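Trainee: My structure is below; once you've seen it, I'll send some questions.
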Amino acid sequence: MRDKENMANKSSEEAVLHLTSAQAHRAEILENPLRTYLLGIIISICGNVLISISLNIQKYAHLGNFAAYGFAPASLIAPLGCVSVIASAVISVVFLKETVRASDIVGGTLAITGTYLLVTFAPHTSTHITAHLVQYYAISWHFLLYLFIEVIAFCILLYLYKRKKVKHIVIVMLLVALLASLTVISVKAVSGMITESIKGQLQLIYPIFYVMLVVMVVSCAFQIKFLNQAMKMFDATEVVPINFVFFTASAIIAGIVFYQEFEGLALLNIFMFLLGCLLSFLGIFLIARNRPKIKQQDRNFIAMDRIPGRRHTDKVQPEAKTTTYGSLAAKLMCNRAGQTDDS
């Protein structure tokens with residue numbers, strides 16, 4: 001009995017101290033409102049400055065990734081995207097204090113090992129991308145065959161996705177990957193021709209440059225569209241690893257078919273390069289799997305017992321496109337129904 005009384009006394013004392021400190025803090029704010037406002041203003045200004053800096057750094061980072069295609073093979077640049085996933089995992093642990101899991105350590109080790117193999121055994125030859133070379137590659141029979149197969153596959157997948165309403169993550173990610181292959185080809189062509197123009201050999205006067213520029217913009221736009229749809233329908237922990245695998249595979253195939261990047265490469269180099277890709281894929285999968293998922297099923301439900309004038313324990317999931325979507329419209333409909341019943 002004494003222990004219970006002591007525990008009750010301690011809890012009551014802690015509650016009183018907490019209440020007293022809260023009241024003192026509130027009184028301090030009321031006494032010094034100017035200081036509080038200034039503190040809020042300073043924090044807001046600092047936050048906006050940091051956001052601006054990060055956005056500008058991100059712009060330069062995208063420019064750097066774009067320019068990289070003009071100096072290195074596309075089959076090497078694309079798999080190195082696993083570095084961003086590893087960096088995000090490290091930053092989330094250091095700054096966001098997320099828990100380090102065993103799968104994170106194993107996945108990071110595999111991804112780093114795969115990156116080392118990619119850099120070591122990738123094609124080291126650098127080709128000067130000129131307008132004449134791009135034109136030659138664009139009319140080669142193996143690229144035309146590849147483009148024909150890709151168009152047929154894209155039309156079939158788009159038919160399943162739009163007409164048959166097959167909302168599977170593999171279907172959406174394959175659409176993104178097929179567009180990504182064209183994006184990689186056009187980005188490397190545009191970046192390479194701009195690089196050659198900066199060096200003194202003007203390539204911007206050739207029509208093929210603007211053709212590739214249009215292909216790059218259009219393919220990027222539709223790729224982002226389908227990727228955003230995938231992010232809405234599926235969880236990010238599923239989209240990120242699948243997109244990385246499909247995008248990397250399509251970029252490697254595009255580099256091999258269009259730019260013939262594996263031509264003259266030794267069989268051992270090809271094997272070790274593919275092994276590096278496999279290790280990177282496994283590493284990204286281990287890092288991304290079992291991440292906390294956002295439960296979206298609770299967002300679209302309206303609790304009937306929270307609507308004034310109605311007592312219900314059930315939940316309703318309204319259609320987003322109907323006029324009754326939202327709690328206000330549901331309230332109005334309930335009120336109308338109540339008036340009808342009374343009459």
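In the structure tokens, chains take letters A, B, ... by order of appearance, with residues numbered from 1 within each chain and ligands from 1 in the order shown.
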With only C-alpha atoms as the counted atoms, please give the residues lying no more than 8 Å from region 278-288 of chain A, apart from itself and same-chain residues fewer than 2 positions off, as an MDAnalysis selection string.

Mentor: chainID A and resid 79 82 85:86 89 103:104 106:115 237:238 240:241 244:245 274:276 290:291

Trainee: Determine which residues of region 119-225 of chain A receive a DSSP assignment of alpha helix (DSSP H), computed from the backbone, and state them as a VMD selection string.

Mentor: chain A and resid 119 to 121 131 to 138 141 to 162 169 to 199 207 to 225

Trainee: Extract, using only C-alpha atoms, all DNA, RNA and protein residues at most 8 Å from region 251-264 of chain A, discarding same-chain residues fewer than 2 positions from it, and format them as a VMD selection string.

Mentor: chain A and resid 73 to 76 78 123 137 to 138 142 to 143 146 180 to 182 184 to 185 247 to 249 266 270

Trainee: Suppose you want the space between CA of Phe121 (chain A) and CA of Asn269 (chain A); what is it in Å?

Mentor: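 So the two atoms, CA of Phe121 (chain A) and CA of Asn269 (chain A), lie 5.0 Å apart.
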
Trainee: Would you compute the distance between CA of Gly200 (chain A) and CA of Thr130 (chain A)? Give it in Å to one decimal.

Mentor: 11.9 Å

Trainee: To one decimal place in Å, what is the distance between CA of Ser250 (chain A) and CA of Ser92 (chain A)?

Mentor: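 Between CA of Ser250 (chain A) and CA of Ser92 (chain A) the gap works out to 29.0 Å.
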
Trainee: From the options A:Val215, A:Ile171, A:Leu50, A:Val100, which residue's atoms come nearest to Val239 (chain A), counting only C-alpha atoms?

Mentor: A:Ile171
